[in-house]
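Text of the file upload_34.csv, holding CSV, C-alpha atoms and all ligand atoms:
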chain,number,residue,atom,x,y,z
I,1,MET,CA,-140.4,-155.2,103.0
I,2,ARG,CA,-142.3,-157.5,105.4
I,3,TYR,CA,-143.2,-156.6,109.0
I,4,ILE,CA,-145.4,-157.7,111.9
I,5,GLU,CA,-147.6,-155.3,113.8
I,6,PRO,CA,-147.4,-156.9,117.2
I,7,HIS,CA,-149.8,-154.4,118.9
I,8,GLY,CA,-152.7,-152.8,117.1
I,9,HIS,CA,-156.3,-152.2,118.4
I,10,MET,CA,-157.9,-153.0,115.1
I,11,VAL,CA,-161.5,-153.1,116.4
I,12,SER,CA,-161.0,-149.3,116.5
I,13,ARG,CA,-159.6,-148.9,113.0
I,14,THR,CA,-161.2,-148.8,109.6
I,15,THR,CA,-160.8,-151.4,106.8
I,16,ASP,CA,-158.8,-148.7,105.0
I,17,ASP,CA,-156.1,-149.2,107.7
I,18,TYR,CA,-156.0,-153.0,107.0
I,19,LEU,CA,-155.6,-152.2,103.3
I,20,ASP,CA,-152.7,-149.8,104.0
I,21,MET,CA,-151.0,-152.1,106.4
I,22,VAL,CA,-151.1,-155.1,104.0
I,23,THR,CA,-149.9,-152.8,101.1
I,24,ALA,CA,-147.0,-151.7,103.3
I,25,GLY,CA,-145.9,-155.4,103.9
I,26,CYS,CA,-147.7,-156.3,107.1
I,27,ALA,CA,-147.6,-160.1,107.5
I,28,ALA,CA,-149.6,-160.4,110.7
I,29,VAL,CA,-151.3,-158.3,113.3
I,30,CYS,CA,-151.7,-159.0,117.0
I,31,GLU,CA,-154.4,-157.2,119.0
I,32,PRO,CA,-154.2,-157.0,122.8
I,33,ALA,CA,-157.5,-156.5,124.8
I,34,PHE,CA,-157.9,-152.8,125.6
I,35,TRP,CA,-160.0,-150.2,127.2
I,36,ALA,CA,-162.8,-149.1,124.9
I,37,GLY,CA,-162.6,-145.5,125.9
I,38,PHE,CA,-165.4,-145.9,128.3
I,39,ASP,CA,-165.9,-148.3,131.2
I,40,ARG,CA,-167.9,-151.4,130.4
I,41,GLY,CA,-170.6,-152.1,132.9
I,42,SER,CA,-170.5,-155.8,133.2
I,43,ALA,CA,-168.5,-159.0,132.5
I,44,SER,CA,-171.0,-159.8,129.7
I,45,GLY,CA,-169.7,-156.7,127.9
I,46,PHE,CA,-166.3,-158.3,127.9
I,47,ARG,CA,-167.6,-161.7,126.7
I,48,ASP,CA,-168.9,-159.9,123.6
I,49,TYR,CA,-165.5,-158.1,123.3
I,50,PHE,CA,-163.6,-161.3,123.5
I,51,GLY,CA,-165.9,-162.8,120.9
I,52,GLN,CA,-165.2,-159.8,118.7
I,53,LEU,CA,-161.4,-160.3,119.2
I,54,THR,CA,-161.4,-164.0,118.5
I,55,GLU,CA,-164.1,-164.4,115.8
I,56,HIS,CA,-165.1,-161.2,114.1
I,57,GLU,CA,-161.8,-159.3,113.8
I,58,PRO,CA,-159.8,-162.3,112.4
I,59,ARG,CA,-162.5,-162.6,109.7
I,60,ARG,CA,-162.3,-158.9,108.9
I,61,ALA,CA,-158.5,-159.1,108.6
I,62,ALA,CA,-158.7,-162.3,106.5
I,63,ARG,CA,-160.5,-160.3,103.8
I,64,TYR,CA,-157.1,-158.6,103.2
I,65,GLY,CA,-155.2,-161.9,103.6
I,66,LEU,CA,-153.8,-160.7,107.0
I,67,PRO,CA,-153.5,-163.2,109.9
I,68,HIS,CA,-155.0,-161.7,113.0
I,69,PHE,CA,-154.1,-162.9,116.6
I,70,CYS,CA,-155.1,-161.5,120.0
I,71,TRP,CA,-154.4,-161.3,123.7
I,72,LEU,CA,-157.1,-161.4,126.4
I,73,CYS,CA,-157.5,-159.6,129.7
I,74,ILE,CA,-159.3,-156.8,131.5
I,75,ASN,CA,-157.2,-153.6,130.8
I,76,PRO,CA,-155.6,-151.8,133.8
I,77,LYS,CA,-157.7,-148.8,133.1
I,78,GLU,CA,-160.7,-150.9,134.2
I,79,SER,CA,-159.0,-152.6,137.1
I,80,GLU,CA,-160.0,-150.2,139.9
I,81,ASP,CA,-163.2,-152.3,140.2
I,82,THR,CA,-161.8,-155.5,141.4
I,83,ARG,CA,-165.2,-157.3,141.5
I,84,LEU,CA,-165.7,-156.7,137.8
I,85,ALA,CA,-162.1,-157.7,137.2
I,86,GLU,CA,-162.6,-161.0,139.1
I,87,ASP,CA,-165.7,-161.7,137.0
I,88,VAL,CA,-163.9,-161.0,133.7
I,89,ILE,CA,-160.8,-163.0,134.6
I,90,ALA,CA,-163.1,-165.9,135.5
I,91,LEU,CA,-164.5,-166.0,131.9
I,92,ILE,CA,-161.1,-165.8,130.1
I,93,PRO,CA,-160.2,-169.5,130.3
I,94,GLU,CA,-163.2,-170.5,128.1
I,95,PHE,CA,-161.5,-168.4,125.3
I,96,LEU,CA,-157.9,-169.4,125.8
I,97,GLY,CA,-158.3,-172.5,123.6
I,98,ARG,CA,-159.4,-170.5,120.6
I,99,PRO,CA,-157.0,-170.8,117.7
I,100,THR,CA,-155.8,-167.2,117.5
I,101,VAL,CA,-155.4,-166.4,121.2
I,102,LEU,CA,-151.7,-165.9,122.0
I,103,GLY,CA,-151.8,-165.2,125.8
I,104,ILE,CA,-152.8,-162.7,128.5
I,105,GLY,CA,-152.5,-159.0,127.7
I,106,GLU,CA,-152.2,-156.2,127.7
I,107,ILE,CA,-152.2,-156.4,131.5
I,108,GLY,CA,-150.2,-154.0,133.8
I,109,LEU,CA,-150.8,-150.8,135.6
I,110,ASN,CA,-152.2,-147.4,134.7
I,111,LYS,CA,-152.2,-145.1,137.8
I,112,ASN,CA,-150.2,-147.5,139.9
I,113,SER,CA,-153.0,-148.1,142.5
I,114,ARG,CA,-153.3,-151.0,144.9
I,115,ASN,CA,-156.3,-152.4,143.1
I,116,GLU,CA,-154.6,-152.3,139.8
I,117,LEU,CA,-151.7,-154.2,141.4
I,118,ARG,CA,-154.0,-156.8,142.8
I,119,VAL,CA,-155.7,-157.3,139.4
I,120,LEU,CA,-152.2,-157.5,137.8
I,121,GLU,CA,-151.3,-160.3,140.2
I,122,MET,CA,-154.5,-162.1,139.4
I,123,HIS,CA,-153.7,-162.0,135.7
I,124,VAL,CA,-150.1,-163.2,136.2
I,125,ASP,CA,-151.5,-166.1,138.2
I,126,LEU,CA,-154.0,-166.8,135.4
I,127,ALA,CA,-151.2,-166.8,132.8
I,128,ALA,CA,-149.0,-169.1,135.0
I,129,ARG,CA,-151.9,-171.6,135.6
I,130,HIS,CA,-152.6,-171.8,131.9
I,131,ASP,CA,-149.0,-171.6,130.7
I,132,GLN,CA,-149.7,-168.4,128.6
I,133,LEU,CA,-147.4,-165.8,127.2
I,134,ILE,CA,-147.8,-162.4,128.8
I,135,LEU,CA,-148.0,-158.9,127.2
I,136,VAL,CA,-147.6,-156.0,129.7
I,137,HIS,CA,-148.7,-152.4,129.3
I,138,THR,CA,-146.7,-149.9,131.3
I,139,PRO,CA,-148.3,-146.7,132.4
I,140,HIS,CA,-148.1,-143.4,130.5
I,141,LEU,CA,-145.9,-140.4,131.0
I,142,GLU,CA,-145.2,-139.5,134.7
I,143,ASP,CA,-146.4,-142.9,135.9
I,144,LYS,CA,-144.3,-145.1,133.7
I,145,LEU,CA,-141.1,-145.2,135.7
I,146,LYS,CA,-142.7,-146.1,139.0
I,147,GLY,CA,-145.2,-148.5,137.3
I,148,THR,CA,-142.5,-150.3,135.4
I,149,ARG,CA,-140.7,-151.0,138.6
I,150,LEU,CA,-143.8,-152.2,140.4
I,151,ILE,CA,-144.7,-154.5,137.4
I,152,LEU,CA,-141.1,-156.0,137.4
I,153,ASP,CA,-141.5,-156.7,141.1
I,154,VAL,CA,-144.8,-158.5,140.6
I,155,LEU,CA,-143.3,-160.7,137.8
I,156,ARG,CA,-140.2,-161.5,139.8
I,157,ALA,CA,-142.2,-162.5,142.8
I,158,ASP,CA,-144.0,-165.3,140.9
I,159,SER,CA,-141.5,-168.1,140.5
I,160,ARG,CA,-143.7,-169.8,137.8
I,161,ILE,CA,-143.1,-166.9,135.4
I,162,ARG,CA,-140.3,-167.3,132.9
I,163,PRO,CA,-139.0,-163.8,132.0
I,164,GLU,CA,-138.4,-164.6,128.3
I,165,ARG,CA,-142.1,-165.4,127.9
I,166,VAL,CA,-143.1,-161.8,129.0
I,167,LEU,CA,-143.0,-158.7,126.8
I,168,ILE,CA,-143.1,-155.4,128.6
I,169,ASP,CA,-144.5,-152.8,126.2
I,170,HIS,CA,-144.1,-149.0,125.8
I,171,VAL,CA,-140.5,-148.9,127.1
I,172,GLU,CA,-138.7,-145.6,126.8
I,173,GLU,CA,-135.1,-144.5,127.5
I,174,HIS,CA,-135.6,-144.5,131.3
I,175,THR,CA,-137.2,-148.0,131.5
I,176,VAL,CA,-135.7,-150.1,128.7
I,177,ARG,CA,-132.6,-151.1,130.6
I,178,MET,CA,-134.4,-152.5,133.7
I,179,VAL,CA,-136.8,-154.5,131.5
I,180,LEU,CA,-134.0,-156.1,129.5
I,181,ASP,CA,-131.9,-156.7,132.6
I,182,HIS,CA,-134.8,-158.7,134.1
I,183,GLY,CA,-134.7,-161.0,131.1
I,184,HIS,CA,-137.9,-159.8,129.5
I,185,TRP,CA,-138.6,-158.6,126.0
I,186,GLY,CA,-139.3,-154.9,125.5
I,187,GLY,CA,-141.7,-153.2,123.1
I,188,MET,CA,-141.3,-149.7,121.8
I,189,THR,CA,-144.5,-147.9,121.0
I,190,LEU,CA,-144.4,-145.3,118.2
I,191,TYR,CA,-146.8,-142.6,119.0
I,192,PRO,CA,-146.8,-139.1,117.5
I,193,ILE,CA,-146.7,-137.3,120.8
I,194,SER,CA,-146.8,-139.3,124.0
I,195,LYS,CA,-144.4,-142.2,123.5
I,196,CYS,CA,-141.4,-142.9,121.1
I,197,THR,CA,-140.8,-141.2,117.8
I,198,PRO,CA,-139.2,-143.3,115.1
I,199,ALA,CA,-135.9,-141.5,115.6
I,200,ARG,CA,-135.8,-142.2,119.3
I,201,ALA,CA,-136.8,-145.9,118.7
I,202,VAL,CA,-133.8,-146.3,116.4
I,203,ASP,CA,-131.6,-144.6,119.1
I,204,ILE,CA,-132.8,-147.2,121.6
I,205,LEU,CA,-132.0,-150.0,119.2
I,206,ASP,CA,-128.5,-148.4,118.6
I,207,VAL,CA,-127.8,-148.1,122.3
I,208,TYR,CA,-129.4,-151.2,123.8
I,209,GLY,CA,-129.2,-153.7,120.9
I,210,SER,CA,-132.0,-155.3,119.0
I,211,ASP,CA,-131.9,-158.7,120.4
I,212,ARG,CA,-135.1,-158.6,122.6
I,213,LEU,CA,-136.9,-155.5,121.3
I,214,TRP,CA,-139.8,-155.0,119.0
I,215,MET,CA,-141.7,-152.0,117.7
I,216,ASN,CA,-145.4,-151.4,117.4
I,217,SER,CA,-147.9,-148.7,116.5
I,218,ALA,CA,-150.4,-149.5,119.3
I,219,CYS,CA,-152.9,-147.9,117.0
I,220,ASP,CA,-156.3,-147.5,118.6
I,221,TRP,CA,-159.2,-145.0,118.7
I,222,GLY,CA,-156.8,-142.2,119.7
I,223,GLU,CA,-154.1,-140.2,117.9
I,224,SER,CA,-151.9,-143.0,116.5
I,225,VAL,CA,-150.4,-144.1,113.2
I,226,PRO,CA,-151.2,-147.6,111.9
I,227,LEU,CA,-148.1,-147.4,109.6
I,228,ALA,CA,-145.7,-146.4,112.3
I,229,VAL,CA,-143.7,-149.6,112.1
I,230,PRO,CA,-142.9,-149.5,108.4
I,231,ARG,CA,-142.2,-145.7,108.7
I,232,THR,CA,-139.6,-146.5,111.4
I,233,ALA,CA,-138.1,-149.2,109.2
I,234,LEU,CA,-137.6,-146.5,106.7
I,235,GLU,CA,-135.9,-144.4,109.4
I,236,MET,CA,-133.6,-147.3,110.1
I,237,ARG,CA,-132.6,-147.5,106.4
I,238,ARG,CA,-131.9,-143.8,106.4
I,239,ARG,CA,-129.6,-144.3,109.3
I,240,GLY,CA,-127.6,-147.0,107.5
I,241,TRP,CA,-129.2,-150.2,108.8
I,242,SER,CA,-129.1,-153.0,106.2
I,243,ALA,CA,-132.4,-154.4,104.8
I,244,ALA,CA,-131.5,-157.7,106.6
I,245,ALA,CA,-131.0,-155.9,110.0
I,246,VAL,CA,-134.3,-154.1,109.6
I,247,ASP,CA,-136.0,-157.4,108.8
I,248,ARG,CA,-134.6,-158.9,112.0
I,249,VAL,CA,-136.2,-156.2,114.1
I,250,VAL,CA,-139.6,-155.6,112.4
I,251,TYR,CA,-140.3,-159.2,111.4
I,252,GLN,CA,-138.0,-161.9,112.9
I,253,ASN,CA,-138.0,-160.5,116.4
I,254,PRO,CA,-141.8,-160.6,116.8
I,255,VAL,CA,-141.9,-164.0,115.2
I,256,ARG,CA,-139.3,-165.2,117.7
I,257,PHE,CA,-141.2,-164.0,120.7
I,258,LEU,CA,-144.7,-164.9,119.5
I,259,SER,CA,-143.6,-168.4,118.3
I,260,GLN,CA,-143.2,-169.3,122.0
I,261,CYS,CA,-147.0,-169.8,121.6
I,262,PRO,CA,-147.5,-172.8,119.3
I,263,LYS,CA,-150.6,-171.2,117.9
I,264,PHE,CA,-148.6,-168.4,116.2
I,265,ARG,CA,-148.1,-169.7,112.7
I,266,LEU,CA,-147.8,-167.7,109.5
I,267,PRO,CA,-149.1,-169.0,106.2
I,268,GLU,CA,-145.7,-169.2,104.4
I,269,GLU,CA,-144.3,-171.4,107.3
I,270,GLY,CA,-147.1,-173.9,106.6
S,1,MET,CA,-123.1,-142.8,111.9
S,2,THR,CA,-120.7,-139.9,111.7
S,3,ARG,CA,-121.6,-136.7,113.5
S,4,GLN,CA,-121.9,-135.1,110.0
S,5,GLN,CA,-124.5,-137.6,109.0
S,6,VAL,CA,-126.5,-137.1,112.2
S,7,LEU,CA,-126.4,-133.4,111.6
S,8,ASP,CA,-127.4,-133.8,108.0
S,9,LEU,CA,-130.3,-136.0,109.0
S,10,TYR,CA,-131.6,-134.3,112.2
S,11,PHE,CA,-130.3,-130.8,112.6
S,12,MET,CA,-133.3,-129.0,110.9
S,13,ASP,CA,-135.8,-131.1,112.8
S,14,ALA,CA,-134.0,-130.5,116.2
S,15,ARG,CA,-133.7,-126.7,115.4
S,16,CYS,CA,-137.4,-126.6,114.7
S,17,LYS,CA,-138.2,-128.3,118.0
S,18,LEU,CA,-135.8,-126.1,119.9
S,19,ILE,CA,-137.5,-123.0,118.6
S,20,GLU,CA,-140.9,-124.5,119.5
S,21,VAL,CA,-139.8,-124.9,123.1
S,22,ALA,CA,-138.5,-121.3,123.2
S,23,ALA,CA,-141.8,-120.1,121.8
S,24,PHE,CA,-143.8,-122.2,124.3
S,25,LEU,CA,-141.9,-120.7,127.2
S,26,ASP,CA,-142.4,-117.2,125.8
S,27,ARG,CA,-146.1,-118.0,125.5
S,28,VAL,CA,-146.3,-119.2,129.0
S,29,ASP,CA,-144.6,-116.0,130.2
S,30,ARG,CA,-146.8,-113.7,128.2
S,31,ALA,CA,-150.0,-115.4,129.5
S,32,THR,CA,-151.8,-114.3,132.7
S,33,GLY,CA,-152.7,-116.1,135.9
S,34,GLU,CA,-150.9,-118.8,137.9
S,35,ALA,CA,-148.9,-121.6,136.3
S,36,ASP,CA,-148.6,-125.0,138.0
S,37,PHE,CA,-146.2,-127.8,138.7
S,38,ARG,CA,-145.9,-128.5,135.0
S,39,THR,CA,-143.9,-125.3,134.4
S,40,VAL,CA,-141.6,-126.1,137.3
S,41,ALA,CA,-141.0,-129.6,136.1
S,42,PHE,CA,-140.4,-128.4,132.5
S,43,ARG,CA,-137.8,-125.8,133.6
S,44,ASP,CA,-136.2,-128.4,135.8
S,45,ALA,CA,-136.0,-130.9,132.9
S,46,LEU,CA,-134.5,-128.2,130.6
S,47,ARG,CA,-131.4,-128.1,132.8
S,48,HIS,CA,-130.4,-131.6,131.4
S,49,LEU,CA,-130.2,-130.3,127.8
S,50,ALA,CA,-127.1,-128.4,128.6
S,51,SER,CA,-125.4,-131.3,130.3
S,52,GLU,CA,-122.6,-133.4,128.9
S,53,GLY,CA,-122.8,-137.1,128.0
S,54,THR,CA,-125.5,-139.2,126.4
S,55,GLY,CA,-127.9,-139.6,129.3
S,56,ARG,CA,-130.0,-136.5,128.6
S,57,THR,CA,-133.1,-138.2,127.3
S,58,ALA,CA,-133.4,-140.6,130.3
S,59,ALA,CA,-132.6,-137.7,132.7
S,60,VAL,CA,-135.4,-135.6,131.2
S,61,LEU,CA,-137.9,-138.5,131.4
S,62,ARG,CA,-136.9,-139.2,135.0
S,63,THR,CA,-137.3,-135.5,136.0
S,64,LEU,CA,-140.9,-135.7,134.6
S,65,SER,CA,-141.6,-138.9,136.5
S,66,ASP,CA,-143.3,-139.8,139.8
S,67,PRO,CA,-140.2,-140.6,142.0
S,68,THR,CA,-142.2,-142.4,144.7
S,69,GLU,CA,-142.2,-146.2,145.1
S,70,GLN,CA,-145.4,-147.3,146.9
S,71,PRO,CA,-148.7,-147.9,145.0
S,72,VAL,CA,-151.4,-145.2,145.6
S,73,GLU,CA,-154.5,-146.1,147.6
S,74,ARG,CA,-156.9,-145.3,144.7
S,75,ALA,CA,-156.5,-144.4,141.1
S,76,PRO,CA,-157.2,-140.7,140.8
S,77,GLY,CA,-159.0,-141.0,137.4
S,78,LYS,CA,-157.4,-142.6,134.4
S,79,GLY,CA,-155.3,-139.9,132.6
S,80,ALA,CA,-151.7,-138.7,132.9
S,81,VAL,CA,-150.5,-135.1,132.4
S,82,GLY,CA,-146.8,-135.5,131.7
S,83,ALA,CA,-145.3,-134.3,135.0
S,84,TRP,CA,-145.6,-135.3,138.6
S,85,PRO,CA,-147.8,-133.0,140.7
S,86,GLY,CA,-145.9,-134.0,143.9
I,301,ZN,ZN,-152.4,-151.1,123.6

Final structure tokens representation of the file:
Amino acid sequence: MRYIEPHGHMVSRTTDDYLDMVTAGCAAVCEPAFWAGFDRGSASGFRDYFGQLTEHEPRRAARYGLPHFCWLCINPKESEDTRLAEDVIALIPEFLGRPTVLGIGEIGLNKNSRNELRVLEMHVDLAARHDQLILVHTPHLEDKLKGTRLILDVLRADSRIRPERVLIDHVEEHTVRMVLDHGHWGGMTLYPISKCTPARAVDILDVYGSDRLWMNSACDWGESVPLAVPRTALEMRRRGWSAAAVDRVVYQNPVRFLSQCPKFRLPEEG
Amino acid sequence: MTRQQVLDLYFMDARCKLIEVAAFLDRVDRATGEADFRTVAFRDALRHLASEGTGRTAAVLRTLSDPTEQPVERAPGKGAVGAWPG
């Protein structure tokens, strides 16, 4: 089996995880910029982080033959400080030309505040000005429904944004329909407790179709499972999906969305 | 999938989770002190399990969601607790 991990915070994971992922068939990993678990005090902290994402981490993954790509932004969890956000957004363009940067992400909302919304709009503007793909994080738990609606409003309000170049992540049963209806792609995050289980992810594929959906582990420094995507592929097989149909979801779908960025190239494709 | 296949694959798992929910509610009732909005939301969401049709999952999720539409003035911290305090 081959699959792509389209959302993994590998800076927080051990090399053992890289080994397990490659052994399980991982053909590429994409790492969105994330909250470190503590607030960084200055834009220079982000400059170092972007260096880690664009230089150090691809080297670490390459030791296991795994192509590593990334997305850049200041995460919504650090967006309440709009001055810091402005400084960080100002330094992103110098990294956008790097060979493994796919776009702007994971931007979005966390607690649905006015400042978070403002920083989201600034990121969307940045992506539009530089013709970048967008990866959106939707809020957790009780904040997801409202946050998803607010995010869709922001994206729709900017006429430069083409919906098919935006993936809205962490969709669940109460948000997936509106995301797809707006023309975006949806991501299902497979978390042990707080998001989708493998069984529910396959339910969503059964009900809403697999045309514009992908699955990810979003593994990070918290409770998460780096092999969640191949385990869900196994769940699909148990439920009667053919190997070819599984491949379309776990490999071809991410390739289709990510290939909208010309920098996303896998070795076997030359 | 046939209903038989779904039952074969998921009945034991769903049974286990159902009993866990019952045990959780018993545990809450045995405990002392005041509960909060989370128990109210949980019991409210439970109603959907007995309903007909295939919209139960989304209905439960919506019941546990913030139903308001305007952004809040300031983020009250970073975390979420799984139910809307109101
Ligand atoms: Zn993430």

**Q.** Non-local contacts of Tyr3 of chain I (7 Å; all atoms listed in the file; under 6 positions in same chain excluded) as a ChimeraX atom specification
**A.** /I:25-27,250-251

Checklist line | Distance filter 12 Å around ligand ZN 301 (chain I), atoms: all atoms listed in the file, out as a ChimeraX atom specification | finding: /I:5-12,30-37,70-77,105-108,110,135-140,168-170,187-191,195,216-222,224

* Between atom CA of Asp125 of chain I and atom CA of Phe38 of chain I, measure the distance and give it in Å to one decimal. =>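 Atom CA of Asp125 of chain I sits 26.4 Å away from atom CA of Phe38 of chain I.
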
As an exercise, work out the distance from atom CA of Lys263 of chain I to atom CA of Tyr64 of chain I in Å and give it to one decimal place.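 It comes out at 20.4 Å.
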
| field | Contact residues (chain I, partner chain S, 8 Å, all atoms listed in the file) as JSON, numbers by chain | value | {"I": [77, 80, 110, 111, 112, 113, 114, 115, 117, 140, 141, 142, 143, 144, 145, 146, 150, 173, 174, 239, 240]}

Counting all atoms listed in the file, write as an MDAnalysis selection string all protein and nucleic acid residues lying at most 8 Å from (-146.9, -166.8, 140.5) in the file's frame.
-> chainID I and resid 121 124:125 128 155 157:161

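Nearest residue to Arg165 of chain I among I:His182, I:Arg40, I:Arg149, I:Arg265 is I:His182, counting all atoms listed in the file.
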
What's around Val229 of chain I at 7 Å? Count all atoms listed in the file, leave out sequence neighbours fewer than 2 positions away in its own chain, and write the answer as a PyMOL selection string. chain I and resi 215-217+227+231-233

- Item | One-decimal distance in Å that lies between atom CA of Trp185 of chain I and atom CA of Tyr208 of chain I |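 Going from atom CA of Tyr208 of chain I over to atom CA of Trp185 of chain I covers 12.0 Å.
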
Inset, instruction - Write out as a ChimeraX atom specification which residues come within 12 Å of Thr100 of chain I when counting all atoms listed in the file, dropping same-chain ones fewer than 2 positions away. - result: /I:28-32,50-51,53-59,67-72,95-98,102-103,258,261-266

Give the centre and edge lengths of an axis-aligned box, in Å to one decimal, that holds all listed atoms of segment 128-134 of chain I with 6 Å on each side, as JSON.
{"center_x": -150.0, "center_y": -167.1, "center_z": 131.4, "size_x": 17.2, "size_y": 21.4, "size_z": 20.4}

Closest of I:Glu78, I:Glu86, I:Glu223, I:Glu235 to His123 of chain I, counting all atoms listed in the file, is I:Glu86
